[in-house]
$ cat protein-v5.csv   # CSV, C-alpha atoms
chain,number,residue,atom,x,y,z
A,1,MET,CA,-12.2,14.2,14.9
A,2,GLY,CA,-12.3,17.9,13.9
A,3,GLY,CA,-15.9,18.1,15.0
A,4,ARG,CA,-19.2,17.9,13.0
A,5,HIS,CA,-19.5,21.0,11.0
A,6,ARG,CA,-21.9,22.7,8.5
A,7,ARG,CA,-20.6,24.7,5.7
A,8,GLY,CA,-20.9,28.4,6.7
A,9,GLU,CA,-20.1,31.2,4.4
A,10,ASP,CA,-19.7,30.7,0.7
A,11,SER,CA,-16.0,31.5,0.9
A,12,MET,CA,-13.7,29.1,2.6
A,13,LYS,CA,-9.9,29.3,2.8
A,14,ILE,CA,-6.9,27.1,3.8
A,15,THR,CA,-5.1,29.2,6.5
A,16,ASP,CA,-2.2,26.9,7.4
A,17,ALA,CA,-0.7,23.5,6.9
A,18,GLN,CA,1.9,21.6,9.0
A,19,VAL,CA,4.0,18.5,8.3
A,20,PHE,CA,5.1,16.1,11.1
A,21,VAL,CA,7.7,13.4,10.6
A,22,GLY,CA,8.0,10.5,13.1
A,23,GLY,CA,6.1,7.8,14.8
A,24,PRO,CA,6.3,4.6,16.7
A,25,GLY,CA,8.5,2.3,14.7
A,26,LYS,CA,8.1,4.3,11.5
A,27,ASN,CA,8.9,7.8,10.2
A,28,TYR,CA,5.3,8.6,9.3
A,29,VAL,CA,4.9,11.9,7.3
A,30,THR,CA,1.6,13.4,8.4
A,31,LEU,CA,0.1,16.5,6.8
A,32,LYS,CA,-2.5,18.6,8.7
A,33,ILE,CA,-4.4,21.3,6.7
A,34,MET,CA,-6.3,24.0,8.6
A,35,THR,CA,-9.1,26.2,7.4
A,36,ASP,CA,-10.7,29.5,8.4
A,37,GLN,CA,-13.8,27.6,9.5
A,38,GLY,CA,-12.0,25.5,12.1
A,39,VAL,CA,-12.2,22.3,10.1
A,40,TYR,CA,-9.0,20.5,9.5
A,41,GLY,CA,-8.0,17.5,7.3
A,42,LEU,CA,-5.3,14.9,7.5
A,43,GLY,CA,-3.1,13.2,4.9
A,44,ASP,CA,-0.2,10.8,4.7
A,45,ALA,CA,2.9,11.4,2.7
A,46,THR,CA,5.1,8.6,4.0
A,47,LEU,CA,7.6,7.5,1.4
A,48,ASN,CA,9.4,4.6,3.0
A,49,ASN,CA,13.0,5.2,3.8
A,50,ARG,CA,12.9,8.5,1.9
A,51,GLU,CA,10.6,10.3,4.3
A,52,THR,CA,12.3,13.6,4.5
A,53,LEU,CA,11.9,14.2,0.7
A,54,PRO,CA,8.1,14.5,0.4
A,55,ALA,CA,8.1,16.4,3.7
A,56,ALA,CA,10.5,19.0,2.2
A,57,TYR,CA,8.5,19.1,-1.0
A,58,LEU,CA,5.3,19.9,0.9
A,59,THR,CA,6.9,22.4,3.2
A,60,ASP,CA,9.1,24.3,0.7
A,61,TYR,CA,6.9,24.2,-2.5
A,62,LEU,CA,3.4,23.0,-2.1
A,63,ILE,CA,2.1,24.5,1.2
A,64,PRO,CA,3.0,28.1,0.3
A,65,ASN,CA,0.8,27.7,-2.8
A,66,LEU,CA,-1.9,25.9,-0.8
A,67,ILE,CA,-2.5,28.8,1.6
A,68,GLY,CA,-5.6,30.8,0.6
A,69,MET,CA,-7.1,28.1,-1.7
A,70,ASP,CA,-10.6,26.9,-1.2
A,71,PRO,CA,-10.3,23.3,0.3
A,72,ARG,CA,-13.6,22.2,-1.3
A,73,ARG,CA,-12.0,22.5,-4.8
A,74,SER,CA,-10.0,19.4,-4.4
A,75,GLU,CA,-10.1,18.5,-8.1
A,76,ASP,CA,-8.8,21.8,-9.2
A,77,ILE,CA,-6.1,21.8,-6.5
A,78,TRP,CA,-4.9,18.3,-7.6
A,79,GLN,CA,-4.7,19.5,-11.2
A,80,PHE,CA,-2.9,22.6,-10.1
A,81,PHE,CA,-0.1,20.7,-8.4
A,82,TYR,CA,0.1,17.8,-10.9
A,83,ARG,CA,0.0,19.8,-14.1
A,84,GLY,CA,1.6,22.9,-12.7
A,85,ALA,CA,4.8,21.2,-11.6
A,86,TYR,CA,5.7,20.4,-15.3
A,87,PHE,CA,8.0,17.6,-14.2
A,88,ARG,CA,5.3,15.2,-13.3
A,89,ARG,CA,4.8,12.0,-11.3
A,90,GLY,CA,7.4,10.1,-9.4
A,91,PRO,CA,7.0,8.8,-5.8
A,92,ILE,CA,8.2,11.9,-4.1
A,93,ALA,CA,5.8,14.3,-5.8
A,94,MET,CA,2.8,11.9,-5.9
A,95,ALA,CA,3.2,11.1,-2.1
A,96,ALA,CA,3.1,14.9,-1.4
A,97,PHE,CA,0.1,15.4,-3.8
A,98,GLY,CA,-1.6,12.4,-2.2
A,99,ALA,CA,-1.3,13.8,1.3
A,100,ILE,CA,-2.9,17.0,0.2
A,101,ASP,CA,-5.7,15.2,-1.6
A,102,MET,CA,-6.5,13.0,1.3
A,103,ALA,CA,-6.6,16.0,3.7
A,104,LEU,CA,-9.0,17.9,1.4
A,105,TRP,CA,-11.3,14.9,1.1
A,106,ASP,CA,-11.2,14.6,4.9
A,107,ILE,CA,-12.3,18.2,5.2
A,108,LYS,CA,-15.1,17.7,2.7
A,109,GLY,CA,-16.4,14.7,4.6
A,110,LYS,CA,-16.4,16.7,7.8
A,111,LEU,CA,-18.2,19.6,6.1
A,112,ALA,CA,-20.9,17.2,4.8
A,113,ASN,CA,-21.0,15.3,8.1
A,114,MET,CA,-20.5,12.1,6.1
A,115,PRO,CA,-17.9,9.3,5.9
A,116,LEU,CA,-16.0,9.4,2.7
A,117,TYR,CA,-17.6,6.2,1.4
A,118,ASP,CA,-20.9,8.0,1.3
A,119,LEU,CA,-19.4,10.8,-0.8
A,120,PHE,CA,-18.0,8.1,-3.2
A,121,GLY,CA,-21.5,6.6,-3.7
A,122,GLY,CA,-22.0,4.5,-0.6
A,123,LYS,CA,-21.0,1.1,0.7
A,124,SER,CA,-20.9,-1.9,-1.7
A,125,ARG,CA,-20.1,-4.3,1.2
A,126,ASP,CA,-20.3,-4.5,5.0
A,127,GLY,CA,-16.7,-5.5,5.5
A,128,ALA,CA,-13.6,-5.7,3.4
A,129,MET,CA,-11.4,-8.9,3.5
A,130,VAL,CA,-7.8,-8.3,4.4
A,131,TYR,CA,-4.7,-10.6,4.2
A,132,ALA,CA,-2.0,-11.1,6.8
A,133,HIS,CA,1.6,-11.8,6.3
A,134,ALA,CA,2.7,-15.2,7.5
A,135,THR,CA,6.4,-15.9,7.4
A,136,GLY,CA,8.9,-18.5,8.6
A,137,ALA,CA,12.6,-19.3,8.6
A,138,ASP,CA,11.6,-22.7,7.2
A,139,LEU,CA,8.4,-24.4,6.1
A,140,PRO,CA,7.4,-25.8,9.5
A,141,ASP,CA,7.9,-22.3,11.0
A,142,LEU,CA,5.8,-20.8,8.3
A,143,MET,CA,3.0,-23.4,8.9
A,144,ASP,CA,2.9,-22.3,12.5
A,145,SER,CA,2.6,-18.7,11.4
A,146,VAL,CA,-0.3,-19.4,9.0
A,147,ALA,CA,-2.1,-21.4,11.7
A,148,SER,CA,-1.8,-18.5,14.2
A,149,TYR,CA,-3.4,-16.1,11.7
A,150,LEU,CA,-6.2,-18.6,11.0
A,151,GLU,CA,-6.9,-18.8,14.7
A,152,GLN,CA,-7.2,-15.0,14.8
A,153,GLY,CA,-10.0,-15.2,12.1
A,154,TYR,CA,-8.1,-14.3,9.0
A,155,LYS,CA,-9.4,-15.8,5.8
A,156,ALA,CA,-6.5,-14.8,3.6
A,157,VAL,CA,-2.7,-15.1,4.2
A,158,ARG,CA,0.3,-14.2,2.2
A,159,VAL,CA,3.1,-16.8,2.8
A,160,GLN,CA,6.9,-16.4,2.6
A,161,CYS,CA,9.5,-18.8,3.9
A,162,GLY,CA,13.2,-19.5,4.0
A,163,ILE,CA,14.7,-21.5,1.1
A,164,PRO,CA,17.0,-24.4,2.0
A,165,GLY,CA,20.5,-23.6,1.0
A,166,MET,CA,19.8,-19.9,0.4
A,167,PRO,CA,22.9,-18.0,1.6
A,168,THR,CA,20.9,-15.5,3.6
A,169,ALA,CA,17.3,-14.9,4.6
A,170,SER,CA,15.3,-13.6,1.7
A,171,TYR,CA,12.5,-11.1,1.4
A,172,ALA,CA,10.2,-11.0,4.4
A,173,VAL,CA,11.8,-14.1,6.0
A,174,PRO,CA,13.3,-14.0,9.5
A,175,ASP,CA,16.8,-15.1,10.2
A,176,GLN,CA,15.7,-17.6,12.8
A,177,LYS,CA,12.6,-19.7,13.7
A,178,GLY,CA,9.8,-17.7,15.3
A,179,GLY,CA,11.4,-14.3,14.3
A,180,LYS,CA,9.9,-11.4,12.6
A,181,GLY,CA,10.3,-11.1,8.9
A,182,ASP,CA,7.9,-8.3,7.8
A,183,TYR,CA,10.7,-6.3,6.1
A,184,ILE,CA,10.5,-3.7,8.9
A,185,THR,CA,13.0,-1.0,8.2
A,186,ASP,CA,16.4,-1.4,9.9
A,187,PHE,CA,16.8,1.9,11.7
A,188,SER,CA,20.6,1.6,12.3
A,189,GLY,CA,21.3,4.1,9.6
A,190,ILE,CA,21.1,4.9,5.9
A,191,LEU,CA,23.5,2.2,4.8
A,192,PRO,CA,21.5,-1.0,4.0
A,193,LYS,CA,22.2,-4.6,4.8
A,194,THR,CA,22.7,-7.1,2.0
A,195,GLU,CA,20.7,-10.2,1.2
A,196,ILE,CA,21.9,-12.9,-1.2
A,197,TRP,CA,19.5,-14.4,-3.7
A,198,ASP,CA,19.6,-17.6,-5.6
A,199,THR,CA,16.8,-17.9,-8.2
A,200,ASP,CA,17.4,-21.6,-9.1
A,201,ARG,CA,17.0,-22.7,-5.4
A,202,TYR,CA,13.8,-20.6,-5.2
A,203,MET,CA,12.4,-22.0,-8.4
A,204,ARG,CA,13.1,-25.6,-7.3
A,205,TYR,CA,11.7,-25.3,-3.8
A,206,MET,CA,8.9,-22.8,-3.6
A,207,PRO,CA,6.2,-24.5,-5.8
A,208,SER,CA,6.3,-27.7,-3.7
A,209,ALA,CA,6.3,-25.7,-0.5
A,210,LEU,CA,3.2,-23.9,-1.6
A,211,GLY,CA,1.6,-27.2,-2.4
A,212,GLU,CA,2.3,-28.5,1.1
A,213,ILE,CA,0.7,-25.4,2.6
A,214,ARG,CA,-2.4,-25.9,0.5
A,215,ASP,CA,-2.5,-29.6,1.4
A,216,ARG,CA,-2.4,-28.8,5.1
A,217,PHE,CA,-4.8,-25.9,5.3
A,218,GLY,CA,-7.3,-26.9,2.6
A,219,PRO,CA,-9.0,-25.3,-0.4
A,220,ASP,CA,-10.9,-22.5,1.5
A,221,LEU,CA,-7.8,-20.6,2.6
A,222,HIS,CA,-7.1,-17.6,0.3
A,223,LEU,CA,-3.4,-18.2,-0.3
A,224,LEU,CA,-1.1,-15.4,-1.6
A,225,HIS,CA,2.6,-15.3,-2.4
A,226,ASP,CA,5.0,-12.4,-3.3
A,227,VAL,CA,7.9,-13.0,-5.6
A,228,HIS,CA,9.0,-9.4,-5.0
A,229,HIS,CA,10.3,-8.7,-8.5
A,230,ARG,CA,13.0,-11.4,-8.3
A,231,LEU,CA,12.4,-13.4,-11.5
A,232,LEU,CA,13.1,-12.8,-15.2
A,233,PRO,CA,10.1,-12.9,-17.5
A,234,ARG,CA,10.7,-16.5,-18.7
A,235,GLU,CA,11.3,-17.6,-15.1
A,236,ALA,CA,8.2,-15.8,-13.9
A,237,ALA,CA,6.1,-17.5,-16.6
A,238,ALA,CA,7.5,-20.9,-15.7
A,239,PHE,CA,6.9,-20.3,-12.0
A,240,ALA,CA,3.3,-19.1,-12.5
A,241,ARG,CA,2.6,-22.3,-14.5
A,242,ALA,CA,4.2,-24.5,-11.9
A,243,VAL,CA,2.1,-23.1,-9.1
A,244,GLU,CA,-1.3,-23.4,-11.0
A,245,PRO,CA,-2.3,-26.5,-9.1
A,246,VAL,CA,-1.9,-24.7,-5.8
A,247,GLY,CA,-4.8,-22.3,-6.7
A,248,LEU,CA,-3.2,-19.1,-5.4
A,249,TYR,CA,-5.5,-16.2,-4.8
A,250,TRP,CA,-2.7,-14.2,-6.4
A,251,LEU,CA,1.0,-14.3,-7.4
A,252,GLU,CA,2.4,-10.8,-6.6
A,253,ASP,CA,5.1,-9.0,-8.5
A,254,PRO,CA,6.5,-12.0,-10.3
A,255,THR,CA,8.9,-9.9,-12.4
A,256,PRO,CA,9.9,-6.2,-12.4
A,257,SER,CA,7.0,-4.1,-13.5
A,258,GLU,CA,9.0,-1.7,-15.7
A,259,ASP,CA,8.8,-4.3,-18.5
A,260,GLN,CA,5.1,-4.5,-19.0
A,261,ASP,CA,5.3,-6.9,-22.0
A,262,ALA,CA,6.7,-9.5,-19.5
A,263,LEU,CA,3.2,-9.7,-18.1
A,264,ARG,CA,1.9,-10.7,-21.5
A,265,LEU,CA,4.4,-13.7,-21.5
A,266,ILE,CA,3.1,-14.8,-18.1
A,267,ARG,CA,-0.5,-14.5,-19.3
A,268,GLN,CA,0.3,-16.7,-22.4
A,269,HIS,CA,1.6,-19.5,-20.2
A,270,SER,CA,-0.5,-19.5,-17.0
A,271,THR,CA,-3.9,-18.8,-15.6
A,272,THR,CA,-2.4,-18.0,-12.1
A,273,PRO,CA,-3.9,-14.6,-11.0
A,274,ILE,CA,-1.3,-11.8,-11.1
A,275,ALA,CA,-1.2,-8.8,-8.7
A,276,ILE,CA,1.1,-5.9,-9.4
A,277,GLY,CA,1.5,-2.1,-8.9
A,278,GLU,CA,2.7,-1.2,-5.4
A,279,VAL,CA,5.6,0.8,-6.9
A,280,PHE,CA,3.4,2.5,-9.5
A,281,ASN,CA,2.7,6.2,-9.1
A,282,SER,CA,-0.2,7.0,-11.6
A,283,VAL,CA,-2.7,5.6,-14.0
A,284,TYR,CA,-0.1,5.9,-16.7
A,285,ASP,CA,1.9,3.2,-15.1
A,286,CYS,CA,-0.9,0.7,-15.3
A,287,ASN,CA,-3.5,1.7,-17.8
A,288,LYS,CA,-2.2,-0.6,-20.6
A,289,LEU,CA,-1.9,-3.5,-18.2
A,290,ILE,CA,-5.5,-3.0,-17.2
A,291,GLU,CA,-6.9,-2.3,-20.7
A,292,ASN,CA,-5.1,-5.4,-22.1
A,293,GLU,CA,-6.2,-7.4,-19.1
A,294,LEU,CA,-2.7,-8.6,-18.3
A,295,ILE,CA,-3.3,-8.4,-14.5
A,296,ASP,CA,-6.0,-9.5,-12.1
A,297,PHE,CA,-5.4,-7.1,-9.2
A,298,ILE,CA,-4.0,-3.6,-9.1
A,299,ARG,CA,-1.8,-2.8,-6.1
A,300,LEU,CA,-1.4,1.0,-6.1
A,301,ALA,CA,-1.5,2.7,-2.8
A,302,VAL,CA,-3.5,5.9,-2.3
A,303,THR,CA,-0.4,7.7,-1.1
A,304,TYR,CA,2.0,6.8,-3.9
A,305,GLY,CA,-0.8,7.0,-6.5
A,306,GLY,CA,-1.3,10.7,-5.7
A,307,GLY,CA,-4.4,10.5,-3.4
A,308,ILE,CA,-8.1,9.6,-3.5
A,309,THR,CA,-8.9,11.7,-6.6
A,310,PRO,CA,-6.7,9.8,-9.1
A,311,MET,CA,-7.2,6.5,-7.3
A,312,LYS,CA,-10.9,6.5,-7.9
A,313,ARG,CA,-10.2,6.9,-11.6
A,314,ILE,CA,-7.9,3.9,-11.5
A,315,VAL,CA,-10.5,1.8,-9.7
A,316,ASP,CA,-13.1,2.7,-12.3
A,317,LEU,CA,-10.8,1.9,-15.2
A,318,ALA,CA,-9.9,-1.4,-13.6
A,319,GLY,CA,-13.6,-2.3,-13.1
A,320,LEU,CA,-14.2,-2.0,-16.8
A,321,HIS,CA,-11.6,-4.7,-17.4
A,322,HIS,CA,-12.3,-7.3,-14.7
A,323,VAL,CA,-9.4,-6.1,-12.6
A,324,ARG,CA,-10.0,-6.0,-8.9
A,325,THR,CA,-8.4,-3.9,-6.2
A,326,GLY,CA,-5.6,-5.1,-3.9
A,327,PHE,CA,-4.2,-1.9,-2.4
A,328,HIS,CA,-0.7,-1.9,-0.9
A,329,GLY,CA,-0.9,-1.9,2.9
A,330,ALA,CA,2.7,-2.3,4.2
A,331,PRO,CA,3.9,-0.6,7.5
A,332,SER,CA,5.1,2.3,5.4
A,333,HIS,CA,1.5,3.5,5.2
A,334,SER,CA,0.2,5.3,8.3
A,335,PRO,CA,-3.4,4.7,9.6
A,336,ILE,CA,-4.4,7.9,7.7
A,337,SER,CA,-3.7,6.5,4.2
A,338,MET,CA,-5.0,3.1,5.3
A,339,ALA,CA,-8.2,4.8,6.3
A,340,ALA,CA,-8.5,6.4,2.8
A,341,GLN,CA,-8.1,2.9,1.4
A,342,TYR,CA,-10.7,1.5,3.8
A,343,HIS,CA,-13.2,4.0,2.4
A,344,LEU,CA,-12.3,3.1,-1.1
A,345,ASN,CA,-12.6,-0.6,-0.3
A,346,ALA,CA,-16.1,-0.1,1.2
A,347,TRP,CA,-17.2,1.7,-2.0
A,348,ALA,CA,-15.4,0.0,-4.9
A,349,PRO,CA,-17.7,-2.4,-6.9
A,350,ASN,CA,-14.6,-4.2,-8.0
A,351,PHE,CA,-12.9,-4.6,-4.6
A,352,GLY,CA,-10.7,-7.7,-4.2
A,353,ILE,CA,-8.7,-7.7,-1.0
A,354,GLN,CA,-6.7,-5.3,1.2
A,355,GLU,CA,-3.1,-5.9,2.5
A,356,TYR,CA,-3.1,-5.4,6.2
A,357,LEU,CA,0.2,-4.9,8.1
A,358,VAL,CA,-0.4,-1.7,10.1
A,359,LEU,CA,1.4,-1.6,13.4
A,360,GLY,CA,-1.6,-1.9,15.7
A,361,THR,CA,0.3,-1.0,18.8
A,362,PRO,CA,-1.1,1.2,21.7
A,363,GLU,CA,1.4,3.8,20.7
A,364,CYS,CA,0.2,3.9,17.1
A,365,ASP,CA,-3.4,4.0,18.2
A,366,ALA,CA,-2.7,6.9,20.6
A,367,LEU,CA,-1.1,8.8,17.7
A,368,PHE,CA,-3.8,8.0,15.2
A,369,PRO,CA,-7.1,7.3,17.1
A,370,SER,CA,-9.9,5.9,15.1
A,371,ASP,CA,-12.9,3.6,15.2
A,372,HIS,CA,-12.0,1.5,12.2
A,373,THR,CA,-12.0,-2.1,13.4
A,374,LEU,CA,-10.5,-5.5,12.2
A,375,ARG,CA,-12.9,-8.3,12.9
A,376,ASP,CA,-12.8,-11.9,11.6
A,377,GLY,CA,-10.4,-11.1,8.9
A,378,MET,CA,-12.4,-8.1,7.7
A,379,ILE,CA,-12.0,-4.3,8.0
A,380,HIS,CA,-15.1,-2.6,9.2
A,381,VAL,CA,-14.9,1.1,8.3
A,382,SER,CA,-15.9,3.8,10.8
A,383,ASP,CA,-19.0,5.9,10.0
A,384,ALA,CA,-17.3,9.1,11.5
A,385,PRO,CA,-17.2,12.1,9.1
A,386,GLY,CA,-14.3,12.3,6.7
A,387,LEU,CA,-11.5,9.7,6.9
A,388,GLY,CA,-12.5,8.8,10.5
A,389,VAL,CA,-8.9,9.1,11.8
A,390,ASP,CA,-7.5,11.8,14.1
A,391,PHE,CA,-3.9,12.9,14.9
A,392,ASP,CA,-2.7,13.7,18.4
A,393,GLU,CA,0.0,16.4,18.1
A,394,ARG,CA,1.0,15.9,21.7
A,395,GLU,CA,1.8,12.3,21.0
A,396,ALA,CA,3.6,13.3,17.8
A,397,ALA,CA,6.0,15.5,19.9
A,398,ARG,CA,7.4,12.2,21.4
A,399,TYR,CA,8.8,11.2,18.0
A,400,GLU,CA,11.4,12.4,15.6
A,401,TYR,CA,12.9,11.2,12.3
A,402,LYS,CA,15.3,8.3,12.6
A,403,ALA,CA,17.3,7.2,9.5
A,404,GLY,CA,16.7,3.7,8.2
A,405,SER,CA,16.9,1.5,5.2
A,406,HIS,CA,15.6,-1.6,3.6
A,407,PRO,CA,18.1,-4.3,2.5
A,408,VAL,CA,19.6,-4.5,-0.9
A,409,VAL,CA,19.8,-7.8,-2.8
A,410,ARG,CA,22.8,-9.3,-4.7
A,411,LEU,CA,23.3,-12.6,-6.5
A,412,GLN,CA,26.0,-14.9,-5.2
A,413,ASP,CA,28.5,-13.5,-7.7
A,414,GLY,CA,27.9,-10.0,-6.4
A,415,THR,CA,25.5,-8.7,-9.1
A,416,LEU,CA,23.0,-6.2,-7.7
A,417,TRP,CA,19.4,-7.6,-8.0
A,418,ASN,CA,15.9,-6.5,-7.4
A,419,TYR,CA,14.7,-5.9,-3.9
$ encode --input "protein-v5.csv" --output "structure tokens"
Amino acid sequence: MGGRHRRGEDSMKITDAQVFVGGPGKNYVTLKIMTDQGVYGLGDATLNNRETLPAAYLTDYLIPNLIGMDPRRSEDIWQFFYRGAYFRRGPIAMAAFGAIDMALWDIKGKLANMPLYDLFGGKSRDGAMVYAHATGADLPDLMDSVASYLEQGYKAVRVQCGIPGMPTASYAVPDQKGGKGDYITDFSGILPKTEIWDTDRYMRYMPSALGEIRDRFGPDLHLLHDVHHRLLPREAAAFARAVEPVGLYWLEDPTPSEDQDALRLIRQHSTTPIAIGEVFNSVYDCNKLIENELIDFIRLAVTYGGGITPMKRIVDLAGLHHVRTGFHGAPSHSPISMAAQYHLNAWAPNFGIQEYLVLGTPECDALFPSDHTLRDGMIHVSDAPGLGVDFDEREAARYEYKAGSHPVVRLQDGTLWNY
């Protein structure tokens, strides 16, 4: 994976960088940074359904500045791109910065002949618990999905199911029993499909459904549920209180995160653990939530959060305020960014859980070979130098960008709602 290298001369330079867009079932945006010592690093800039934008930002603006820099100076390079852009943050820029930062850490790990977790301070645990996504067109269908994951050894499962009387399938729910509902992008084009949402039906049905799941599978199962930003603050507070008896491991994104005071309202009315942050792009999106202890899990992803360098700062801040990690791990993240999170998970003293929905197909494994393994519901990180993931350019040549989109959501009267 780039070989085991010792640092040679005092000077070291980035000589080239390339961006690849495409992959099996996803438009992964992969960055490869080359150096004059033959060591290369890999990063992931995949911005789901907007993949060509960070790719263009990297190619047209960032890479020309990157050539000639010393890849070991990752802190200075991160500051150069973040502070130097003037118009800061946002998912496009931070995904591009994040890819560069991942690749530079990958290079440093290879130079040191050490896995990244050792550069961070070493392992805090032998394996990191992950959660799977169980889904069903109705509650019995969901129960079957949960049971199948438990048979595979998972100890934590996120559950989503169809709501009786809901006009269409809702977030992460299949149209029919036994179908897939993992919100995989529809690659039929840019124009999105439309889902219809009914909050009242959801509020009446879902607490009792979660209670039935708990009754069937018992108290040891770590049970998670994602509202996906669908509720208003008062509704979210009422829902969080209603599901307290279920003992959720977390309630995710109960209300849109732009209104951070809404989390205070939920906290005042419920002790249900709250997880939020997968759409955040920096510490400035979550520092007050963390400092005021309004959340229990922080969900930023290493790509959208700007890379490993800023993510370590967020993890440290969260640890001061009893907030644990729960990094985003949807299919929009390639095995490169997931590997970066695996290393952070292995190190972070305040680790909580890792979302796991990587497309573990033979095609994906061929494109991104690694020795990271999933065993008994735990990720066991590779001890290979750097990120521990490689990238096969010959495999990459098989794929090209294909336009796709997530659905949009409307209420029954046609009002656009939160996806």
$ closest_atom_pairs --input "protein-v5.csv" --of "segment 129-216 of chain A" --to "segment 311-328 of chain A" --cutoff "12 Å" --atoms "all atoms listed in the file" --output "tab-separated table"
residue	atom	partner	partner_atom	distance
A:Met129	CA	A:Gly326	CA	10.1
A:Val130	CA	A:Gly326	CA	9.2
A:Tyr131	CA	A:Gly326	CA	9.8
$ residues_around --input "protein-v5.csv" --residues "segment 257-273 of chain A" --least-positions-apart "5" --cutoff "8 Å" --atoms "all atoms listed in the file" --output "PDB file with C-alpha atoms, in the frame of the given file"
ATOM      1  CA  HIS A 229      10.300  -8.700  -8.500  1.00  0.00           C
ATOM      2  CA  PRO A 233      10.100 -12.900 -17.500  1.00  0.00           C
ATOM      3  CA  ARG A 234      10.700 -16.500 -18.700  1.00  0.00           C
ATOM      4  CA  ALA A 236       8.200 -15.800 -13.900  1.00  0.00           C
ATOM      5  CA  ALA A 237       6.100 -17.500 -16.600  1.00  0.00           C
ATOM      6  CA  ALA A 238       7.500 -20.900 -15.700  1.00  0.00           C
ATOM      7  CA  ALA A 240       3.300 -19.100 -12.500  1.00  0.00           C
ATOM      8  CA  ARG A 241       2.600 -22.300 -14.500  1.00  0.00           C
ATOM      9  CA  VAL A 243       2.100 -23.100  -9.100  1.00  0.00           C
ATOM     10  CA  GLU A 244      -1.300 -23.400 -11.000  1.00  0.00           C
ATOM     11  CA  GLY A 247      -4.800 -22.300  -6.700  1.00  0.00           C
ATOM     12  CA  LEU A 248      -3.200 -19.100  -5.400  1.00  0.00           C
ATOM     13  CA  TYR A 249      -5.500 -16.200  -4.800  1.00  0.00           C
ATOM     14  CA  TRP A 250      -2.700 -14.200  -6.400  1.00  0.00           C
ATOM     15  CA  LEU A 251       1.000 -14.300  -7.400  1.00  0.00           C
ATOM     16  CA  LEU A 289      -1.900  -3.500 -18.200  1.00  0.00           C
ATOM     17  CA  LEU A 294      -2.700  -8.600 -18.300  1.00  0.00           C
ATOM     18  CA  ILE A 295      -3.300  -8.400 -14.500  1.00  0.00           C
ATOM     19  CA  ASP A 296      -6.000  -9.500 -12.100  1.00  0.00           C
ATOM     20  CA  PHE A 297      -5.400  -7.100  -9.200  1.00  0.00           C
TER      21      PHE A 297
END
$ residues_around --input "protein-v5.csv" --residues "Ala95 of chain A" --least-positions-apart "6" --cutoff "8 Å" --atoms "all atoms listed in the file" --output "list in words"
Asp44, Ala45, Thr46, Leu47, Pro54, Thr303, Tyr304, Gly305, Gly306 and Gly307 of chain A
$ atom_distance --input "protein-v5.csv" --atom1 "atom CA of His380 of chain A" --atom2 "atom CA of Gly127 of chain A"
5.0 Å
$ closest_residue --input "protein-v5.csv" --among "A:Val246, A:Ile353, A:Ala340, A:Ala56" --to "Ile298 of chain A" --atoms "all atoms listed in the file"
A:Ile353
